[in-house]
$ cat target37.tsv   # TSV, C-alpha atoms
chain	number	residue	atom	x	y	z
T	1306	MET	CA	146.87	140.32	90.01
T	1307	GLN	CA	144.76	137.29	91.01
T	1308	LEU	CA	144.16	136.48	87.34
T	1309	ILE	CA	147.89	136.60	86.58
T	1310	LYS	CA	148.58	134.34	89.57
T	1311	ARG	CA	146.03	131.80	88.32
T	1312	ILE	CA	147.47	131.86	84.78
T	1313	ILE	CA	150.99	131.26	86.11
T	1314	HIS	CA	149.71	128.48	88.35
T	1315	PHE	CA	148.00	126.88	85.36
T	1316	ILE	CA	151.08	127.08	83.16
T	1317	LEU	CA	153.41	125.67	85.81
T	1318	LYS	CA	151.22	123.01	87.43
T	1319	PHE	CA	148.45	122.07	84.99
T	1320	ASP	CA	146.22	120.92	87.82
T	1321	PHE	CA	142.61	121.89	88.08
T	1322	MET	CA	139.78	121.63	90.51
T	1323	TYR	CA	136.76	120.00	88.95
T	1324	GLU	CA	133.39	121.25	90.09
T	1325	ASN	CA	130.01	119.68	89.47
T	1326	ILE	CA	126.53	119.88	90.98
T	1327	TYR	CA	124.61	116.86	92.23
T	1328	ASN	CA	120.85	117.34	92.51
T	1329	SER	CA	120.00	115.37	95.64
T	1330	PRO	CA	116.42	114.74	96.76
T	1331	ILE	CA	116.82	117.41	99.45
T	1332	GLY	CA	118.85	120.06	97.62
T	1333	GLU	CA	121.75	120.80	95.32
T	1334	ILE	CA	125.19	119.65	96.44
T	1335	CYS	CA	128.39	121.12	95.03
T	1336	LEU	CA	131.20	118.60	94.53
T	1337	ILE	CA	134.82	119.66	93.94
T	1338	ALA	CA	137.69	117.29	93.23
T	1339	GLN	CA	141.41	117.67	92.68
T	1340	ASP	CA	144.09	115.06	92.05
T	1341	ASP	CA	141.60	112.17	92.06
T	1342	CYS	CA	140.29	113.09	95.52
T	1343	LEU	CA	137.11	114.79	96.58
T	1344	ILE	CA	137.94	118.00	98.46
T	1345	TYR	CA	134.47	119.51	98.85
T	1346	CYS	CA	130.92	118.20	99.15
T	1347	ASN	CA	128.46	120.73	100.43
T	1348	TRP	CA	125.07	122.27	99.90
T	1349	VAL	CA	124.58	125.00	97.35
T	1350	ALA	CA	123.23	127.56	99.80
T	1351	ASP	CA	124.14	130.99	101.08
T	1352	GLU	CA	125.28	129.54	104.41
T	1353	CYS	CA	127.86	127.35	102.64
T	1354	ASN	CA	129.46	130.09	100.54
T	1355	ARG	CA	132.23	130.78	103.09
T	1356	LYS	CA	133.35	127.13	102.99
T	1357	TYR	CA	133.26	127.14	99.20
T	1358	GLU	CA	135.36	130.32	98.97
T	1359	ARG	CA	137.82	128.92	101.53
T	1360	ILE	CA	138.34	125.75	99.48
T	1361	ILE	CA	138.75	127.69	96.23
T	1362	THR	CA	141.34	129.98	97.87
T	1363	LEU	CA	143.15	127.23	99.75
T	1364	PHE	CA	143.69	124.94	96.76
T	1365	ASP	CA	144.34	127.91	94.46
T	1366	SER	CA	143.79	126.07	91.18
T	1367	PRO	CA	141.67	126.97	88.19
T	1368	VAL	CA	138.14	125.54	88.43
T	1369	LYS	CA	136.56	123.62	85.57
T	1370	ASN	CA	132.90	122.72	85.53
T	1371	SER	CA	133.37	119.12	84.61
T	1372	GLU	CA	132.74	115.61	85.82
T	1373	ILE	CA	135.76	113.39	86.40
T	1374	LYS	CA	135.88	109.84	87.76
T	1375	VAL	CA	136.06	110.77	91.46
T	1376	VAL	CA	133.09	113.12	91.06
T	1377	GLU	CA	131.19	110.35	89.25
T	1378	VAL	CA	131.98	107.97	92.13
T	1379	ALA	CA	130.87	110.56	94.69
T	1380	LYS	CA	127.58	111.12	92.84
T	1381	CYS	CA	126.90	107.37	92.62
T	1382	GLN	CA	127.62	106.92	96.31
T	1383	LEU	CA	125.44	109.91	97.24
T	1384	GLU	CA	122.61	108.50	95.12
T	1385	GLY	CA	122.99	105.18	96.93
T	1386	TYR	CA	122.97	106.96	100.27
T	1387	PHE	CA	119.76	108.84	99.47
T	1388	ARG	CA	118.12	105.60	98.32
T	1389	GLY	CA	119.15	103.94	101.60
T	1390	GLU	CA	121.51	101.49	99.87
T	1391	ILE	CA	124.87	102.90	101.03
T	1392	SER	CA	125.73	103.49	104.65
T	1393	LYS	CA	129.47	104.20	104.30
T	1394	PHE	CA	131.32	106.21	101.68
T	1395	SER	CA	134.56	105.04	100.08
T	1396	VAL	CA	135.26	107.91	97.69
T	1397	PRO	CA	138.89	109.14	98.12
T	1398	LEU	CA	139.05	112.36	100.15
T	1399	THR	CA	141.54	115.13	100.85
T	1400	TYR	CA	140.94	117.07	104.06
T	1401	SER	CA	141.81	120.74	104.28
T	1402	GLY	CA	141.79	122.12	107.80
T	1403	THR	CA	143.72	122.46	111.01
T	1404	GLU	CA	145.01	119.37	112.82
T	1405	PHE	CA	142.25	119.78	115.39
T	1406	GLN	CA	139.58	119.94	112.68
T	1407	LYS	CA	141.04	116.89	110.94
T	1408	ASN	CA	140.96	114.97	114.25
T	1409	VAL	CA	137.30	115.90	114.74
T	1410	TRP	CA	136.47	114.90	111.15
T	1411	LYS	CA	138.26	111.56	111.59
T	1412	ILE	CA	136.07	110.82	114.62
T	1413	LEU	CA	132.98	111.92	112.67
T	1414	ARG	CA	133.82	109.31	110.00
T	1415	GLY	CA	133.64	106.71	112.78
T	1416	ILE	CA	130.06	107.54	113.79
T	1417	GLY	CA	128.03	104.72	112.28
T	1418	TYR	CA	125.11	105.10	109.93
T	1419	GLY	CA	121.95	105.55	111.99
T	1420	GLU	CA	123.90	106.55	115.10
T	1421	THR	CA	124.37	109.92	116.75
T	1422	LEU	CA	126.89	111.46	119.11
T	1423	SER	CA	126.50	114.55	121.28
T	1424	TYR	CA	128.83	117.51	120.99
T	1425	LYS	CA	129.95	116.74	124.56
T	1426	GLU	CA	130.79	113.12	123.66
T	1427	LEU	CA	132.64	114.29	120.56
T	1428	ALA	CA	134.66	116.76	122.64
T	1429	ARG	CA	135.60	113.97	125.05
T	1430	LEU	CA	136.65	111.68	122.18
T	1431	VAL	CA	138.85	114.36	120.67
T	1432	GLY	CA	140.51	114.95	124.05
T	1433	LYS	CA	138.94	118.34	124.81
T	1434	GLU	CA	136.39	117.46	127.50
T	1435	ASN	CA	135.21	121.06	127.84
T	1436	GLY	CA	135.67	121.89	124.16
T	1437	MET	CA	132.09	121.53	122.93
T	1438	ARG	CA	132.18	124.92	121.23
T	1439	ALA	CA	135.46	124.06	119.48
T	1440	VAL	CA	134.13	120.74	118.16
T	1441	ALA	CA	130.91	122.46	117.05
T	1442	GLN	CA	133.03	124.96	115.09
T	1443	ALA	CA	135.05	122.11	113.56
T	1444	CYS	CA	131.79	120.45	112.52
T	1445	GLY	CA	130.66	123.75	111.02
T	1446	ALA	CA	133.91	124.02	109.04
T	1447	ASN	CA	133.55	120.51	107.59
T	1448	PRO	CA	134.02	120.81	103.80
T	1449	LEU	CA	132.74	117.27	103.14
T	1450	ALA	CA	129.13	117.23	104.36
T	1451	ILE	CA	127.29	113.90	104.43
T	1452	ILE	CA	130.49	111.96	103.64
T	1453	VAL	CA	132.08	113.25	106.86
T	1454	PRO	CA	128.78	112.99	108.76
T	1455	CYS	CA	128.63	116.07	110.98
T	1456	HIS	CA	124.83	115.79	110.70
T	1457	ARG	CA	125.08	112.87	113.17
T	1458	VAL	CA	126.22	115.21	115.97
T	1459	ILE	CA	123.35	116.47	118.12
T	1460	GLY	CA	122.84	118.13	121.48
T	1461	LYS	CA	123.06	116.02	124.63
T	1462	ASP	CA	119.34	116.73	125.10
T	1463	ARG	CA	118.75	115.00	121.70
T	1464	LYS	CA	117.91	118.33	120.06
T	1465	LEU	CA	119.39	119.34	116.75
T	1466	GLY	CA	122.34	121.69	116.92
T	1467	GLY	CA	123.41	123.92	114.08
T	1468	TYR	CA	124.04	122.69	110.55
T	1469	THR	CA	125.50	124.79	107.75
T	1470	GLY	CA	123.03	123.42	105.21
T	1471	GLY	CA	120.12	124.22	107.54
T	1472	LEU	CA	118.32	122.22	110.21
T	1473	ASP	CA	115.76	120.98	107.67
T	1474	LYS	CA	118.55	119.19	105.78
T	1475	LYS	CA	120.10	117.83	108.98
T	1476	ARG	CA	116.72	116.44	110.04
T	1477	ALA	CA	116.16	114.94	106.56
T	1478	LEU	CA	119.59	113.23	106.61
T	1479	LEU	CA	118.91	111.77	110.05
T	1480	LEU	CA	115.49	110.54	108.89
T	1481	ILE	CA	117.11	108.83	105.89
T	1482	GLU	CA	119.23	106.95	108.45
T	1483	GLY	CA	116.19	106.07	110.56
T	1484	ILE	CA	116.87	108.58	113.36
T	1485	LYS	CA	113.87	110.57	114.54
T	1486	ILE	CA	114.60	113.73	116.48
$ encode --input "target37.tsv" --output "structure tokens"
Amino acid sequence: MQLIKRIIHFILKFDFMYENIYNSPIGEICLIAQDDCLIYCNWVADECNRKYERIITLFDSPVKNSEIKVVEVAKCQLEGYFRGEISKFSVPLTYSGTEFQKNVWKILRGIGYGETLSYKELARLVGKENGMRAVAQACGANPLAIIVPCHRVIGKDRKLGGYTGGLDKKRALLLIEGIKI
């Protein structure tokens, strides 16, 4: 039944999701784009599989392993980031999440390169003073790692909190930005 649904979707809409892998210095990153916007940027790791499956189901389009312009742009910007040459991403994005998650992700985009914010501060900024667990879950659901910099959110005691890609990657990203934890 799922195959028939995908074939009908293809015939009627002709839109695809384009998937490609970027080999970063600290691990493989899966990039997915649709309609000239990046919809997914996350680590190729067991912990990230739920996010990947959610995106594939949510956008419900056939997936092609291909590189299109927006994926090329994302790869170039990621390369610049890892070389320390880019501190802000400008690749077009499409967010897929609840309104609360989108609000959290918007605030995350405002955390400057080389800066951090605690989960408590993030909860206050999103208007949920006692919602640290909710903002942590929104960070964990972020489908656009690095570009929407949830790695910049840490505990109020300056300790690393969780990170879907693993704490080693979170620490490495913070070190790239000159933050020692």
$ residues_around --input "target37.tsv" --residues "Gly1471 in chain T" --least-positions-apart "6" --cutoff "12 Å" --atoms "all atoms listed in the file" --output "number ranges by chain"
T: 1331-1332, 1347-1353, 1445, 1450, 1456, 1465, 1477-1478
$ closest_residue --input "target37.tsv" --among "T:Ile1451, T:Met1437, T:Leu1430, T:Ile1337" --to "Ser1392 in chain T" --atoms "only C-alpha atoms"
T:Ile1451
$ closest_residue --input "target37.tsv" --among "T:Ala1441, T:Ile1486, T:Leu1427, T:Leu1383" --to "Gly1467 in chain T" --atoms "all atoms listed in the file"
T:Ala1441
$ closest_residue --input "target37.tsv" --among "T:Val1458, T:Ile1416, T:Ala1428, T:Ala1338" --to "Tyr1400 in chain T" --atoms "all atoms listed in the file"
T:Ala1338
$ residues_around --input "target37.tsv" --residues "Glu1482 in chain T" --least-positions-apart "3" --cutoff "8 Å" --atoms "all atoms listed in the file" --output "list in words"
Gly1389, Tyr1418, Gly1419, Leu1478 and Leu1479 of chain T
$ atom_distance --input "target37.tsv" --atom1 "CA of Cys1455 in chain T" --atom2 "CA of Cys1381 in chain T"
20.4 Å
$ atom_distance --input "target37.tsv" --atom1 "CA of Val1376 in chain T" --atom2 "CA of Pro1330 in chain T"
17.7 Å
